[in-house]
$ cat input02.txt   # compact mmCIF, C-alpha atoms
# COMPACT_ATOMS: atom_id res chain seq x y z
CA PHE A 292 59.75 36.98 214.72
CA LEU A 293 63.55 37.00 215.05
CA ASN A 294 64.93 40.29 216.35
CA VAL A 295 68.65 40.95 216.88
CA GLN A 296 69.87 44.25 218.32
CA PRO A 297 73.24 45.61 219.49
CA LYS A 298 73.29 45.83 223.28
CA THR A 299 73.32 49.50 224.24
CA ASP A 300 71.39 49.77 227.52
CA ALA A 301 70.27 46.20 228.05
CA ILE A 302 67.85 46.53 230.93
CA TRP A 303 65.98 49.37 229.22
CA GLN A 304 65.94 47.46 225.96
CA VAL A 305 64.33 44.58 227.85
CA LEU A 306 61.78 46.84 229.52
CA ASP A 307 60.90 48.44 226.20
CA PHE A 308 60.37 44.97 224.72
CA ILE A 309 58.20 43.90 227.66
CA ASN A 310 56.04 47.02 227.15
CA ASP A 311 54.88 45.38 223.94
CA HIS A 312 54.30 42.01 225.63
CA LEU A 313 52.63 42.84 228.95
CA ASN A 314 50.95 39.88 230.69
CA GLU A 315 52.55 37.42 228.28
CA SER A 316 54.77 34.53 229.35
CA GLY A 317 58.42 34.95 228.50
CA ILE A 318 61.92 33.70 229.30
CA ILE A 319 65.06 35.82 229.63
CA TYR A 320 68.33 33.91 229.29
CA CYS A 321 71.47 35.31 230.91
CA PHE A 322 75.09 34.20 230.80
CA SER A 323 75.71 33.86 234.55
CA ARG A 324 73.85 33.13 237.78
CA ARG A 325 74.77 36.54 239.14
CA GLN A 326 73.32 38.27 236.12
CA VAL A 327 70.14 36.22 236.38
CA ASP A 328 69.62 37.43 239.95
CA GLU A 329 70.41 41.04 239.08
CA VAL A 330 68.07 41.18 236.08
CA ALA A 331 65.25 39.47 237.98
CA GLU A 332 65.63 41.95 240.84
CA LYS A 333 65.56 44.97 238.53
CA LEU A 334 62.44 43.75 236.77
CA ALA A 335 60.74 43.00 240.09
CA ARG A 336 61.44 46.58 241.19
CA LYS A 337 59.41 47.70 238.18
CA GLY A 338 56.42 45.73 239.42
CA LEU A 339 56.75 42.83 237.01
CA LYS A 340 55.87 39.27 238.04
CA VAL A 341 59.26 37.59 237.68
CA LEU A 342 61.30 34.76 239.21
CA ASN A 343 64.82 33.43 238.74
CA TYR A 344 66.18 29.99 237.93
CA HIS A 345 69.76 28.68 237.94
CA ALA A 346 71.87 25.84 239.31
CA GLY A 347 72.95 27.90 242.31
CA LEU A 348 69.45 27.72 243.80
CA SER A 349 68.31 24.78 245.89
CA ASP A 350 66.26 22.01 244.28
CA ALA A 351 63.23 23.12 246.25
CA ILE A 352 63.44 26.75 245.10
CA ARG A 353 64.04 25.76 241.48
CA ALA A 354 61.03 23.43 241.54
CA ARG A 355 58.87 26.10 243.20
CA ASN A 356 59.85 28.79 240.69
CA GLN A 357 59.44 26.46 237.73
CA ASN A 358 55.94 25.43 238.83
CA ALA A 359 54.96 29.06 239.41
CA PHE A 360 55.96 29.87 235.83
CA ILE A 361 54.19 26.85 234.35
CA GLN A 362 51.02 27.63 236.30
CA ASP A 363 51.05 31.30 235.18
CA LYS A 364 51.59 32.64 238.69
CA VAL A 365 54.43 34.72 237.22
CA ASP A 366 54.89 36.01 233.69
CA ILE A 367 58.66 36.06 233.40
CA MET A 368 61.44 33.61 234.18
CA VAL A 369 65.02 34.89 234.17
CA ALA A 370 67.35 31.94 233.84
CA THR A 371 70.60 30.40 232.73
CA VAL A 372 70.71 27.57 230.19
CA ALA A 373 69.72 25.24 233.06
CA PHE A 374 66.07 26.22 232.49
CA GLY A 375 63.69 24.95 229.84
CA MET A 376 64.53 21.32 229.18
CA GLY A 377 61.34 19.29 229.38
CA ILE A 378 59.18 22.27 230.34
CA ASN A 379 55.62 21.71 229.16
CA LYS A 380 54.42 25.28 228.63
CA PRO A 381 53.21 25.82 225.07
CA ASP A 382 52.08 29.46 225.53
CA VAL A 383 55.50 31.08 226.02
CA ARG A 384 55.20 34.11 223.76
CA TRP A 385 58.74 35.43 223.78
CA VAL A 386 62.37 34.66 224.58
CA ILE A 387 65.07 37.23 225.24
CA HIS A 388 68.78 36.51 225.17
CA TYR A 389 70.31 39.13 227.45
CA ASP A 390 73.71 37.88 226.27
CA MET A 391 74.87 36.19 223.11
CA PRO A 392 74.62 32.37 223.25
CA LYS A 393 77.73 30.26 222.67
CA SER A 394 76.40 28.75 219.46
CA ILE A 395 73.53 28.81 216.99
CA GLU A 396 72.58 25.34 218.25
CA GLN A 397 72.06 26.70 221.78
CA TYR A 398 70.22 29.76 220.46
CA TYR A 399 67.94 27.67 218.26
CA GLN A 400 67.06 25.32 221.10
CA GLU A 401 66.24 28.14 223.50
CA ILE A 402 64.12 30.27 221.15
CA GLY A 403 62.24 27.07 220.30
CA ARG A 404 60.67 27.23 223.77
CA ALA A 405 58.43 30.06 222.55
CA GLY A 406 55.35 29.58 220.39
CA ARG A 407 54.94 25.84 220.82
CA ASP A 408 51.17 26.35 220.62
CA GLY A 409 51.58 27.53 217.03
CA LEU A 410 50.71 31.15 217.77
CA PRO A 411 53.02 34.09 216.90
CA SER A 412 56.02 34.55 219.16
CA GLU A 413 59.14 36.72 219.23
CA ALA A 414 62.80 36.21 220.03
CA LEU A 415 65.06 39.14 220.93
CA LEU A 416 68.84 38.73 220.98
CA LEU A 417 71.01 41.46 222.48
CA TYR A 418 74.71 41.20 221.71
CA SER A 419 77.93 43.12 222.30
CA PRO A 420 81.71 42.58 221.98
CA GLY A 421 81.73 42.07 225.74
CA ASP A 422 79.59 38.95 225.33
CA ILE A 423 82.16 37.47 222.97
CA ARG A 424 84.98 38.14 225.42
CA LYS A 425 83.04 36.48 228.25
CA ILE A 426 82.43 33.37 226.17
CA ARG A 427 86.05 33.12 225.02
CA PHE A 428 87.29 33.49 228.59
CA PHE A 429 85.96 29.99 229.31
CA PHE A 430 87.46 28.39 226.22
CA LYS A 431 90.53 27.45 228.24
CA ASP A 432 88.32 24.96 230.11
CA ALA A 433 86.72 23.57 226.95
CA SER A 434 87.61 20.05 225.83
CA ASP A 435 88.01 21.34 222.26
CA PRO A 436 88.68 25.12 222.17
CA SER A 437 88.95 25.19 218.37
CA LYS A 438 85.47 23.66 218.02
CA ALA A 439 84.11 26.10 220.60
CA GLU A 440 85.55 28.99 218.60
CA LYS A 441 84.04 27.66 215.38
CA LEU A 442 80.60 27.45 217.03
CA LEU A 443 81.00 30.97 218.40
CA GLN A 444 81.96 32.29 214.97
CA GLY A 445 78.71 30.91 213.58
CA MET A 446 76.79 32.80 216.26
CA ILE A 447 78.72 36.02 215.61
CA GLN A 448 78.04 35.81 211.88
CA TYR A 449 74.34 35.28 212.56
CA ALA A 450 74.10 38.25 214.94
CA ALA A 451 76.08 40.60 212.71
CA GLY A 452 74.57 39.34 209.45
CA THR A 453 72.60 41.41 206.97
CA GLU A 454 70.44 38.72 205.35
CA CYS A 455 67.13 37.25 206.51
CA ARG A 456 67.63 35.69 209.97
CA ARG A 457 65.44 32.69 209.22
CA LYS A 458 67.24 32.06 205.95
CA LYS A 459 70.63 32.38 207.66
CA MET A 460 69.69 30.01 210.48
CA LEU A 461 68.24 27.33 208.24
CA SER A 462 71.26 27.62 205.97
CA TYR A 463 73.49 26.94 208.98
CA PHE A 464 71.64 23.65 209.50
CA GLY A 465 71.88 22.76 205.81
CA GLU A 466 68.32 23.72 204.90
CA SER A 467 66.93 26.27 202.47
CA TYR A 468 64.18 28.81 202.98
CA THR A 469 62.02 30.68 200.49
CA ALA A 470 59.43 33.00 201.97
CA THR A 471 55.84 32.67 200.79
CA PRO A 472 54.02 35.86 199.71
CA ALA A 473 52.25 35.93 203.10
CA GLU A 474 55.56 35.56 204.97
CA LYS A 475 57.11 38.34 202.90
CA SER A 476 54.31 40.71 203.81
CA ASP A 477 54.49 39.81 207.51
CA CYS A 478 58.30 40.00 207.78
CA CYS A 479 59.96 37.25 209.83
CA CYS A 480 62.91 39.20 211.25
CA ASP A 481 64.33 42.66 211.94
CA ILE A 482 66.32 42.65 208.70
CA CYS A 483 63.30 41.88 206.54
CA LEU A 484 61.29 44.47 208.45
CA ASN A 485 63.95 47.13 207.94
CA ALA A 486 64.09 46.25 204.25
CA ALA A 487 60.38 47.05 203.96
CA SER A 488 61.26 50.74 204.14
CA VAL A 489 58.04 51.92 202.52
CA ALA A 490 55.89 50.41 205.28
CA ARG A 491 58.13 51.35 208.19
CA PRO A 492 57.10 55.01 208.72
CA LYS A 493 53.44 54.04 208.94
CA ALA A 494 54.22 51.15 211.30
CA ILE A 495 56.22 53.43 213.58
CA LEU A 496 53.39 55.97 213.75
CA ILE A 497 50.86 53.26 214.54
CA LYS A 498 53.10 51.87 217.30
CA ALA A 499 53.59 55.33 218.81
CA ALA A 500 49.85 56.03 218.75
CA ASP A 501 49.15 52.64 220.32
CA ARG A 502 51.68 53.29 223.09
CA LYS A 503 50.05 56.69 223.83
CA ALA A 504 46.61 55.07 223.96
CA GLN A 505 47.90 52.43 226.41
CA GLU A 506 49.33 55.10 228.69
CA SER A 507 46.02 57.01 228.62
CA ALA A 508 44.20 53.80 229.55
CA GLY A 509 46.41 53.27 232.58
CA PHE A 510 48.71 50.52 231.28
CA ARG A 511 52.17 50.34 232.83
CA THR A 512 55.01 51.74 230.81
CA PHE A 513 58.67 52.09 231.62
CA PRO A 514 59.90 55.46 230.31
CA LYS A 515 63.58 55.62 229.58
CA PRO A 516 65.59 57.95 231.79
CA ALA A 517 67.43 60.95 230.42
CA ALA A 518 70.75 59.97 228.90
CA LYS A 519 72.75 61.60 231.64
CA LYS A 520 70.95 59.49 234.26
CA LYS A 521 71.25 56.11 232.59
CA SER A 522 74.36 55.12 234.47
CA THR A 523 72.62 55.52 237.84
CA ALA A 524 69.10 54.38 236.93
CA PHE A 525 69.54 51.07 238.75
CA SER A 526 72.00 51.91 241.49
CA ALA A 527 71.65 49.61 244.48
$ encode --input "input02.txt" --output "C-alpha cells"
Amino acid sequence: FLNVQPKTDAIWQVLDFINDHLNESGIIYCFSRRQVDEVAEKLARKGLKVLNYHAGLSDAIRARNQNAFIQDKVDIMVATVAFGMGINKPDVRWVIHYDMPKSIEQYYQEIGRAGRDGLPSEALLLYSPGDIRKIRFFFKDASDPSKAEKLLQGMIQYAAGTECRRKKMLSYFGESYTATPAEKSDCCCDICLNAASVARPKAILIKAADRKAQESAGFRTFPKPAAKKKSTAFSA
C-alpha cells in the first residue's frame, strides 16, 4: 500500500503509523545522519525497540545494529540511504520516508525492501517544501545539477500527484498498470482509498473501534499532545 502525506508533525505521524504496525519490522529513512539519531532517540523514549544506522557509525556498530534488525532483536531501523543494500530480511512489513527522496528511482528501491516475502506491506512518504530545499542545497556539489533537478521534479510530481500512485510510478518507468477487480476493491494507495468515498466512513469507524479495543486490552498507544504543546513535546 503506497501512502503519501504532507509532513505536518512528522514524529507524531510516524508514531500514529507505528500504532497500526506494532511488533512488525520496519525501516525509517531519513535525509541526514543527525536526523537518524534524533528520530531513533525519540522512538526509543516511547519504549519502541529501535536502532540507528548511518555512515557516521563505526563498522562494528553498524554490523551489530544490522544483525540485531535481521535477527528480530529490534523492530525498527532508522537509517540513511546507506542501509538496506544486500539485506536478507524478507519480512519487513513497512518503510517510512521521513523526508522526500531525491528521485523516484531511490524511492522505488527503498520501498522495495518491504514485503519481499509476498505478504502485504505499506510504504509511507512524508514530504514538505523544506525537504525540497534541503535536496536542492546539495545540487551545487552534483556532477550534473540539471539531471538532479529533473529527477527531483519526478519525485515532486509523484508526491503531489492526484492519480493512482502505482499507476504513476509504473508510468515513470515506462510501464502501464490496470488494476484487477480485486485490486480495485483493496485499494493500492491513499488516492485510490480516498476515491472510495462510500466505503471510507465505515472504514474509519472500524479503525476507531479497533484502536479503542487495543487500548482496553493494554496495547501501547501514543496519544497526540494538545496542539498548543506540540512544539515542546520532544524537548531535550
$ residues_around --input "input02.txt" --residues "Ala439 of chain A" --least-positions-apart "5" --cutoff "9 Å" --atoms "all atoms listed in the file" --output "PDB file with C-alpha atoms, in the coordinates of the input"
ATOM      1  CA  LYS A 393      77.730  30.260 222.670  1.00  0.00           C
ATOM      2  CA  SER A 394      76.400  28.750 219.460  1.00  0.00           C
ATOM      3  CA  ARG A 427      86.050  33.120 225.020  1.00  0.00           C
ATOM      4  CA  PHE A 430      87.460  28.390 226.220  1.00  0.00           C
ATOM      5  CA  ALA A 433      86.720  23.570 226.950  1.00  0.00           C
ATOM      6  CA  SER A 434      87.610  20.050 225.830  1.00  0.00           C
ATOM      7  CA  GLN A 444      81.960  32.290 214.970  1.00  0.00           C
TER       8      GLN A 444
END
$ residues_around --input "input02.txt" --residues "segment 345-348 of chain A" --least-positions-apart "2" --cutoff "6 Å" --atoms "only C-alpha atoms" --output "MDAnalysis selection string"
chainID A and resid 370:371 373
$ atom_distance --input "input02.txt" --atom1 "atom CA of Asn294 of chain A" --atom2 "atom CA of Gly421 of chain A"
19.3 Å
$ atom_distance --input "input02.txt" --atom1 "atom CA of Glu329 of chain A" --atom2 "atom CA of Gln400 of chain A"
24.1 Å
$ residues_near_point --input "input02.txt" --point "(71.6, 36.5, 210.9)" --cutoff "12 Å" --atoms "all atoms listed in the file" --output "mmCIF file with C-alpha atoms, in the coordinates of the input"
data_model
loop_
_atom_site.group_PDB
_atom_site.id
_atom_site.type_symbol
_atom_site.label_atom_id
_atom_site.label_comp_id
_atom_site.auth_asym_id
_atom_site.auth_seq_id
_atom_site.Cartn_x
_atom_site.Cartn_y
_atom_site.Cartn_z
ATOM 1 C CA LEU A 293 63.550 37.000 215.050
ATOM 2 C CA ASN A 294 64.930 40.290 216.350
ATOM 3 C CA VAL A 295 68.650 40.950 216.880
ATOM 4 C CA GLN A 296 69.870 44.250 218.320
ATOM 5 C CA ILE A 395 73.530 28.810 216.990
ATOM 6 C CA TYR A 398 70.220 29.760 220.460
ATOM 7 C CA LEU A 416 68.840 38.730 220.980
ATOM 8 C CA GLN A 444 81.960 32.290 214.970
ATOM 9 C CA GLY A 445 78.710 30.910 213.580
ATOM 10 C CA MET A 446 76.790 32.800 216.260
ATOM 11 C CA ILE A 447 78.720 36.020 215.610
ATOM 12 C CA GLN A 448 78.040 35.810 211.880
ATOM 13 C CA TYR A 449 74.340 35.280 212.560
ATOM 14 C CA ALA A 450 74.100 38.250 214.940
ATOM 15 C CA ALA A 451 76.080 40.600 212.710
ATOM 16 C CA GLY A 452 74.570 39.340 209.450
ATOM 17 C CA THR A 453 72.600 41.410 206.970
ATOM 18 C CA GLU A 454 70.440 38.720 205.350
ATOM 19 C CA CYS A 455 67.130 37.250 206.510
ATOM 20 C CA ARG A 456 67.630 35.690 209.970
ATOM 21 C CA ARG A 457 65.440 32.690 209.220
ATOM 22 C CA LYS A 458 67.240 32.060 205.950
ATOM 23 C CA LYS A 459 70.630 32.380 207.660
ATOM 24 C CA MET A 460 69.690 30.010 210.480
ATOM 25 C CA LEU A 461 68.240 27.330 208.240
ATOM 26 C CA SER A 462 71.260 27.620 205.970
ATOM 27 C CA TYR A 463 73.490 26.940 208.980
ATOM 28 C CA CYS A 479 59.960 37.250 209.830
ATOM 29 C CA CYS A 480 62.910 39.200 211.250
ATOM 30 C CA ASP A 481 64.330 42.660 211.940
ATOM 31 C CA ILE A 482 66.320 42.650 208.700
ATOM 32 C CA CYS A 483 63.300 41.880 206.540
#
$ atom_distance --input "input02.txt" --atom1 "atom CA of Asp300 of chain A" --atom2 "atom CA of Asn343 of chain A"
20.9 Å
$ residues_around --input "input02.txt" --residues "segment 381-390 of chain A" --least-positions-apart "4" --cutoff "7 Å" --atoms "only C-alpha atoms" --output "NGL selection string"
:A and (315-322 or 402 or 404-408 or 412-418 or 422)
$ axis_aligned_box --input "input02.txt" --around "segment 308-326 of chain A" --padding-each-side "6 Å" --output "JSON"
{"center_x": 63.3, "center_y": 40.1, "center_z": 231.5, "size_x": 36.8, "size_y": 25.9, "size_z": 27.2}
